[in-house]
Amino acid sequence: MSTTTVPQDRSDRFPFELVRPQLERVEASIRDQVRAFDPAVEPYVSYVCNTSGKRIRPALSILVGGALGGVTDGHLKIGVILELIHMATLVHDDIIDGAVTRRMVPTANAKWGAGLSVLLGDALFSHALALATEFDDISICRKVGRASREVCEGEIVQTQRRWDLSLTKADYFRIIEMKTGALFAAATGIAAAISGADPETEAKLFDYGLKLGTAYQIYDDCLDLVGSEEDVGKTLRTDLEKGKLTLPILNLLESASESQRSKLNKRIIDQQSLDLSVLVGIAEYEGAIESAVDTAVDMLATCRNHLVGLPGGESVEAMEQITWFLGALLEKCRR
């Protein structure tokens, strides 16, 4: 079990207050991007943009700018671009998962069906990539394109490997690094490049984002099992229903008794829903969740190590605080 503990005086402080003014500028810019679409398309784009979350990726790009000498328009712009890509992936994810709510409101798929929602996600993707071409440094556009491709590849591989008993933990980590970690890493890594950071610093901040995003996805995978739809505000248990073998399930398959593993394997081979009532009846279930939480908490400790030596005091403290905040959320998943 991980020995990392979350300090009580740091775990419950929301970490983005420092960049609230800049995030308001990001919001205004996103509204401007919505108005760039054809009037017939604009209401659909507006609906998706107005049901988004805490703008984690823009906040990360802004904080990296602050940690490395100052926030520029480039840091805000890359945050907007990555947020548009993220929203596009959510639209597509909800179609694949058949999710009907996200953040307490109907998904695009639930409102308008799969056909229109696919095109809506495509429109957001393409608009974000067009914005990336406005940077004078072509390498930034390349990095945005690479991150976008990785997100899509991760979702393809995850969909391909559903109900697949040969999936290893290494496979799982690679998938979530692509589908979630890639955009976090792009936010921190590209922001470092915009600040003119040396290659070593850029690599450390890239890895900070990659591990933060990976830990966040592990949290989301645990939440799918232990969370309440009323509290979380989105459709849960979709991983179970769709045969996604997440880290808690892989841990359970590894630690369950031979007879229990055989039953689980049969359900997976027959592509039967991994009903929660089946899982909680297995003695090792709680340990499987605990182990997944420990894995994510250890990743967050590595994130903090990558921040050592950065010059921007308050911004660095906020980036550290993000890890404690996520760590506290993970601890709530322990049963």
# chains A, B, ... in the order shown; residues from 1 in each chain; ligands from 1
call {"tool": "residues_around", "arguments": {"residues": "Ile138 in chain A", "least_positions_apart": "6", "cutoff": "12 Å", "atoms": "only C-alpha atoms", "output": "PyMOL selection string"}}
result
chain A and resi 132+144-145+190+193-194
call {"tool": "residues_around", "arguments": {"residues": "Asn50 in chain A", "least_positions_apart": "6", "cutoff": "12 Å", "atoms": "only C-alpha atoms", "output": "PyMOL selection string"}}
result
chain A and resi 27-28+30-31+34+42-44+84+87+102-103+105+107-108
call {"tool": "atom_distance", "arguments": {"atom1": "CA of Lys77 in chain A", "atom2": "CA of Glu317 in chain A"}}
result
22.9 Å
call {"tool": "closest_residue", "arguments": {"among": "A:Thr133, A:Gln160, A:Ser61, A:Ser262", "to": "Phe206 in chain A", "atoms": "only C-alpha atoms"}}
result
A:Ser61
call {"tool": "residues_around", "arguments": {"residues": "Arg161 in chain A", "least_positions_apart": "4", "cutoff": "10 Å", "atoms": "only C-alpha atoms", "output": "number ranges by chain"}}
result
A: 155-157, 165-167, 171-172, 175, 243-245
call {"tool": "residues_around", "arguments": {"residues": "Gly209 in chain A", "least_positions_apart": "3", "cutoff": "9 Å", "atoms": "only C-alpha atoms", "output": "number ranges by chain"}}
result
A: 60, 181-189, 204-206, 212-214, 303
call {"tool": "write_last_selection", "arguments": {"atoms": "N, CA and C atoms", "output": "mmCIF file, in the first residue's frame"}}
result
data_model
loop_
_atom_site.group_PDB
_atom_site.id
_atom_site.type_symbol
_atom_site.label_atom_id
_atom_site.label_comp_id
_atom_site.auth_asym_id
_atom_site.auth_seq_id
_atom_site.Cartn_x
_atom_site.Cartn_y
_atom_site.Cartn_z
ATOM 1 N N LEU A 60 -3.838 24.302 -16.532
ATOM 2 C CA LEU A 60 -2.470 23.779 -16.487
ATOM 3 C C LEU A 60 -1.536 24.600 -17.367
ATOM 4 N N GLY A 181 -4.049 11.099 -20.701
ATOM 5 C CA GLY A 181 -2.773 11.712 -20.370
ATOM 6 C C GLY A 181 -2.225 12.611 -21.465
ATOM 7 N N ALA A 182 -2.506 12.282 -22.729
ATOM 8 C CA ALA A 182 -1.914 13.022 -23.846
ATOM 9 C C ALA A 182 -2.270 14.501 -23.830
ATOM 10 N N LEU A 183 -3.524 14.842 -23.536
ATOM 11 C CA LEU A 183 -3.920 16.254 -23.537
ATOM 12 C C LEU A 183 -3.404 16.992 -22.306
ATOM 13 N N PHE A 184 -3.337 16.314 -21.156
ATOM 14 C CA PHE A 184 -2.722 16.929 -19.976
ATOM 15 C C PHE A 184 -1.244 17.213 -20.275
ATOM 16 N N ALA A 185 -0.565 16.232 -20.862
ATOM 17 C CA ALA A 185 0.857 16.394 -21.183
ATOM 18 C C ALA A 185 1.067 17.482 -22.220
ATOM 19 N N ALA A 186 0.153 17.577 -23.192
ATOM 20 C CA ALA A 186 0.247 18.641 -24.193
ATOM 21 C C ALA A 186 0.097 20.004 -23.527
ATOM 22 N N ALA A 187 -0.833 20.117 -22.575
ATOM 23 C CA ALA A 187 -1.056 21.396 -21.898
ATOM 24 C C ALA A 187 0.201 21.862 -21.175
ATOM 25 N N THR A 188 0.852 20.960 -20.453
ATOM 26 C CA THR A 188 2.027 21.349 -19.677
ATOM 27 C C THR A 188 3.289 21.415 -20.545
ATOM 28 N N GLY A 189 3.443 20.465 -21.439
ATOM 29 C CA GLY A 189 4.638 20.432 -22.281
ATOM 30 C C GLY A 189 4.671 21.573 -23.287
ATOM 31 N N LYS A 204 10.274 17.410 -18.148
ATOM 32 C CA LYS A 204 9.737 17.183 -16.805
ATOM 33 C C LYS A 204 8.281 17.629 -16.707
ATOM 34 N N LEU A 205 7.984 18.774 -17.287
ATOM 35 C CA LEU A 205 6.610 19.279 -17.221
ATOM 36 C C LEU A 205 5.679 18.462 -18.097
ATOM 37 N N PHE A 206 6.187 17.966 -19.223
ATOM 38 C CA PHE A 206 5.401 17.046 -20.045
ATOM 39 C C PHE A 206 5.033 15.811 -19.230
ATOM 40 N N LEU A 212 -0.210 13.193 -14.264
ATOM 41 C CA LEU A 212 -1.406 13.780 -13.667
ATOM 42 C C LEU A 212 -2.653 13.305 -14.407
ATOM 43 N N GLY A 213 -2.607 13.329 -15.741
ATOM 44 C CA GLY A 213 -3.749 12.873 -16.529
ATOM 45 C C GLY A 213 -4.021 11.394 -16.353
ATOM 46 N N THR A 214 -2.967 10.605 -16.251
ATOM 47 C CA THR A 214 -3.127 9.166 -16.045
ATOM 48 C C THR A 214 -3.755 8.883 -14.684
ATOM 49 N N CYS A 303 4.676 13.454 -9.824
ATOM 50 C CA CYS A 303 4.351 14.784 -10.358
ATOM 51 C C CYS A 303 4.983 15.877 -9.499
#
call {"tool": "decode", "arguments": {"residues": "range 106-234 of chain A", "atoms": "C-alpha atoms", "output": "PDB file, in the first residue's frame"}}
result
ATOM      1  CA  PRO A 106     -28.291  15.510 -21.397  1.00  0.00           C
ATOM      2  CA  THR A 107     -25.365  14.631 -23.646  1.00  0.00           C
ATOM      3  CA  ALA A 108     -25.314  15.761 -27.267  1.00  0.00           C
ATOM      4  CA  ASN A 109     -25.963  12.153 -28.226  1.00  0.00           C
ATOM      5  CA  ALA A 110     -29.059  12.011 -26.007  1.00  0.00           C
ATOM      6  CA  LYS A 111     -30.391  15.276 -27.450  1.00  0.00           C
ATOM      7  CA  TRP A 112     -29.643  14.910 -31.151  1.00  0.00           C
ATOM      8  CA  GLY A 113     -28.529  11.351 -31.818  1.00  0.00           C
ATOM      9  CA  ALA A 114     -25.260   9.767 -32.869  1.00  0.00           C
ATOM     10  CA  GLY A 115     -25.130  11.080 -36.433  1.00  0.00           C
ATOM     11  CA  LEU A 116     -25.221  14.772 -35.618  1.00  0.00           C
ATOM     12  CA  SER A 117     -23.059  14.302 -32.525  1.00  0.00           C
ATOM     13  CA  VAL A 118     -20.272  12.625 -34.512  1.00  0.00           C
ATOM     14  CA  LEU A 119     -20.218  15.576 -36.883  1.00  0.00           C
ATOM     15  CA  LEU A 120     -20.300  18.014 -33.973  1.00  0.00           C
ATOM     16  CA  GLY A 121     -17.241  16.387 -32.433  1.00  0.00           C
ATOM     17  CA  ASP A 122     -15.508  16.448 -35.813  1.00  0.00           C
ATOM     18  CA  ALA A 123     -16.266  20.162 -36.181  1.00  0.00           C
ATOM     19  CA  LEU A 124     -14.716  20.927 -32.791  1.00  0.00           C
ATOM     20  CA  PHE A 125     -11.639  18.842 -33.608  1.00  0.00           C
ATOM     21  CA  SER A 126     -11.052  20.494 -36.966  1.00  0.00           C
ATOM     22  CA  HIS A 127     -11.592  24.006 -35.617  1.00  0.00           C
ATOM     23  CA  ALA A 128      -9.065  23.398 -32.830  1.00  0.00           C
ATOM     24  CA  LEU A 129      -6.463  22.148 -35.309  1.00  0.00           C
ATOM     25  CA  ALA A 130      -7.067  25.189 -37.519  1.00  0.00           C
ATOM     26  CA  LEU A 131      -6.431  27.472 -34.529  1.00  0.00           C
ATOM     27  CA  ALA A 132      -3.166  25.651 -33.826  1.00  0.00           C
ATOM     28  CA  THR A 133      -1.836  26.650 -37.253  1.00  0.00           C
ATOM     29  CA  GLU A 134      -1.919  30.307 -36.135  1.00  0.00           C
ATOM     30  CA  PHE A 135       1.173  29.837 -33.960  1.00  0.00           C
ATOM     31  CA  ASP A 136       4.324  31.101 -35.689  1.00  0.00           C
ATOM     32  CA  ASP A 137       6.247  28.114 -34.303  1.00  0.00           C
ATOM     33  CA  ILE A 138       5.206  25.158 -36.475  1.00  0.00           C
ATOM     34  CA  SER A 139       6.449  22.709 -33.820  1.00  0.00           C
ATOM     35  CA  ILE A 140       3.545  23.751 -31.581  1.00  0.00           C
ATOM     36  CA  CYS A 141       1.070  22.831 -34.302  1.00  0.00           C
ATOM     37  CA  ARG A 142       2.834  19.488 -34.721  1.00  0.00           C
ATOM     38  CA  LYS A 143       2.581  18.796 -30.975  1.00  0.00           C
ATOM     39  CA  VAL A 144      -1.130  19.632 -30.959  1.00  0.00           C
ATOM     40  CA  GLY A 145      -1.678  17.314 -33.917  1.00  0.00           C
ATOM     41  CA  ARG A 146       0.309  14.536 -32.246  1.00  0.00           C
ATOM     42  CA  ALA A 147      -1.686  14.832 -29.021  1.00  0.00           C
ATOM     43  CA  SER A 148      -4.985  14.811 -30.960  1.00  0.00           C
ATOM     44  CA  ARG A 149      -3.955  11.688 -32.816  1.00  0.00           C
ATOM     45  CA  GLU A 150      -2.941   9.951 -29.576  1.00  0.00           C
ATOM     46  CA  VAL A 151      -6.319  10.707 -27.981  1.00  0.00           C
ATOM     47  CA  CYS A 152      -8.127   9.180 -30.953  1.00  0.00           C
ATOM     48  CA  GLU A 153      -5.786   6.188 -31.079  1.00  0.00           C
ATOM     49  CA  GLY A 154      -6.289   5.576 -27.379  1.00  0.00           C
ATOM     50  CA  GLU A 155     -10.051   5.499 -27.784  1.00  0.00           C
ATOM     51  CA  ILE A 156      -9.774   3.166 -30.782  1.00  0.00           C
ATOM     52  CA  VAL A 157      -7.512   0.738 -28.928  1.00  0.00           C
ATOM     53  CA  GLN A 158      -9.720   0.830 -25.831  1.00  0.00           C
ATOM     54  CA  THR A 159     -12.803   0.095 -27.933  1.00  0.00           C
ATOM     55  CA  GLN A 160     -10.952  -2.658 -29.773  1.00  0.00           C
ATOM     56  CA  ARG A 161      -9.808  -4.295 -26.515  1.00  0.00           C
ATOM     57  CA  ARG A 162     -13.183  -4.414 -24.748  1.00  0.00           C
ATOM     58  CA  TRP A 163     -13.992  -7.837 -23.298  1.00  0.00           C
ATOM     59  CA  ASP A 164     -10.357  -8.827 -24.020  1.00  0.00           C
ATOM     60  CA  LEU A 165      -8.920 -11.082 -21.323  1.00  0.00           C
ATOM     61  CA  SER A 166      -5.431 -10.759 -22.795  1.00  0.00           C
ATOM     62  CA  LEU A 167      -5.340  -7.067 -21.839  1.00  0.00           C
ATOM     63  CA  THR A 168      -2.421  -6.461 -19.465  1.00  0.00           C
ATOM     64  CA  LYS A 169      -1.880  -3.626 -17.014  1.00  0.00           C
ATOM     65  CA  ALA A 170       0.823  -2.308 -19.335  1.00  0.00           C
ATOM     66  CA  ASP A 171      -1.780  -2.227 -22.123  1.00  0.00           C
ATOM     67  CA  TYR A 172      -4.214  -0.422 -19.841  1.00  0.00           C
ATOM     68  CA  PHE A 173      -1.689   2.236 -18.818  1.00  0.00           C
ATOM     69  CA  ARG A 174      -0.706   2.856 -22.436  1.00  0.00           C
ATOM     70  CA  ILE A 175      -4.365   3.281 -23.399  1.00  0.00           C
ATOM     71  CA  ILE A 176      -5.132   5.817 -20.681  1.00  0.00           C
ATOM     72  CA  GLU A 177      -1.878   7.665 -21.305  1.00  0.00           C
ATOM     73  CA  MET A 178      -3.091   8.153 -24.856  1.00  0.00           C
ATOM     74  CA  LYS A 179      -6.779   8.871 -24.276  1.00  0.00           C
ATOM     75  CA  THR A 180      -6.421  11.102 -21.195  1.00  0.00           C
ATOM     76  CA  GLY A 181      -2.773  11.712 -20.370  1.00  0.00           C
ATOM     77  CA  ALA A 182      -1.914  13.022 -23.846  1.00  0.00           C
ATOM     78  CA  LEU A 183      -3.920  16.254 -23.537  1.00  0.00           C
ATOM     79  CA  PHE A 184      -2.722  16.929 -19.976  1.00  0.00           C
ATOM     80  CA  ALA A 185       0.857  16.394 -21.183  1.00  0.00           C
ATOM     81  CA  ALA A 186       0.247  18.641 -24.193  1.00  0.00           C
ATOM     82  CA  ALA A 187      -1.056  21.396 -21.898  1.00  0.00           C
ATOM     83  CA  THR A 188       2.027  21.349 -19.677  1.00  0.00           C
ATOM     84  CA  GLY A 189       4.638  20.432 -22.281  1.00  0.00           C
ATOM     85  CA  ILE A 190       3.522  22.886 -24.984  1.00  0.00           C
ATOM     86  CA  ALA A 191       3.080  25.641 -22.391  1.00  0.00           C
ATOM     87  CA  ALA A 192       6.699  25.055 -21.336  1.00  0.00           C
ATOM     88  CA  ALA A 193       7.792  25.320 -24.974  1.00  0.00           C
ATOM     89  CA  ILE A 194       5.865  28.601 -25.348  1.00  0.00           C
ATOM     90  CA  SER A 195       7.757  29.886 -22.301  1.00  0.00           C
ATOM     91  CA  GLY A 196      11.076  29.006 -23.960  1.00  0.00           C
ATOM     92  CA  ALA A 197      11.967  26.329 -21.389  1.00  0.00           C
ATOM     93  CA  ASP A 198      15.065  24.210 -21.895  1.00  0.00           C
ATOM     94  CA  PRO A 199      14.490  20.626 -23.133  1.00  0.00           C
ATOM     95  CA  GLU A 200      14.974  19.078 -19.671  1.00  0.00           C
ATOM     96  CA  THR A 201      12.396  21.360 -18.047  1.00  0.00           C
ATOM     97  CA  GLU A 202       9.951  20.834 -20.906  1.00  0.00           C
ATOM     98  CA  ALA A 203      10.361  17.050 -20.572  1.00  0.00           C
ATOM     99  CA  LYS A 204       9.737  17.183 -16.805  1.00  0.00           C
ATOM    100  CA  LEU A 205       6.610  19.279 -17.221  1.00  0.00           C
ATOM    101  CA  PHE A 206       5.401  17.046 -20.045  1.00  0.00           C
ATOM    102  CA  ASP A 207       5.758  14.047 -17.725  1.00  0.00           C
ATOM    103  CA  TYR A 208       4.035  15.967 -14.911  1.00  0.00           C
ATOM    104  CA  GLY A 209       1.028  16.398 -17.199  1.00  0.00           C
ATOM    105  CA  LEU A 210       1.156  12.822 -18.465  1.00  0.00           C
ATOM    106  CA  LYS A 211       1.181  11.324 -14.981  1.00  0.00           C
ATOM    107  CA  LEU A 212      -1.406  13.780 -13.667  1.00  0.00           C
ATOM    108  CA  GLY A 213      -3.749  12.873 -16.529  1.00  0.00           C
ATOM    109  CA  THR A 214      -3.127   9.166 -16.045  1.00  0.00           C
ATOM    110  CA  ALA A 215      -3.856   9.435 -12.318  1.00  0.00           C
ATOM    111  CA  TYR A 216      -7.001  11.411 -13.132  1.00  0.00           C
ATOM    112  CA  GLN A 217      -8.194   8.632 -15.458  1.00  0.00           C
ATOM    113  CA  ILE A 218      -7.566   6.006 -12.769  1.00  0.00           C
ATOM    114  CA  TYR A 219      -9.698   8.141 -10.443  1.00  0.00           C
ATOM    115  CA  ASP A 220     -12.429   8.293 -13.100  1.00  0.00           C
ATOM    116  CA  ASP A 221     -12.252   4.510 -13.544  1.00  0.00           C
ATOM    117  CA  CYS A 222     -12.602   3.969  -9.789  1.00  0.00           C
ATOM    118  CA  LEU A 223     -15.434   6.488  -9.655  1.00  0.00           C
ATOM    119  CA  ASP A 224     -17.307   4.513 -12.306  1.00  0.00           C
ATOM    120  CA  LEU A 225     -17.475   1.665  -9.787  1.00  0.00           C
ATOM    121  CA  VAL A 226     -17.963   3.445  -6.463  1.00  0.00           C
ATOM    122  CA  GLY A 227     -19.490   6.814  -7.390  1.00  0.00           C
ATOM    123  CA  SER A 228     -23.083   8.014  -7.273  1.00  0.00           C
ATOM    124  CA  GLU A 229     -24.635   9.394 -10.465  1.00  0.00           C
ATOM    125  CA  GLU A 230     -26.472  11.961  -8.379  1.00  0.00           C
ATOM    126  CA  ASP A 231     -23.208  13.235  -6.886  1.00  0.00           C
ATOM    127  CA  VAL A 232     -21.032  12.886  -9.982  1.00  0.00           C
ATOM    128  CA  GLY A 233     -23.523  14.270 -12.502  1.00  0.00           C
ATOM    129  CA  LYS A 234     -22.913  11.812 -15.330  1.00  0.00           C
TER     130      LYS A 234
END
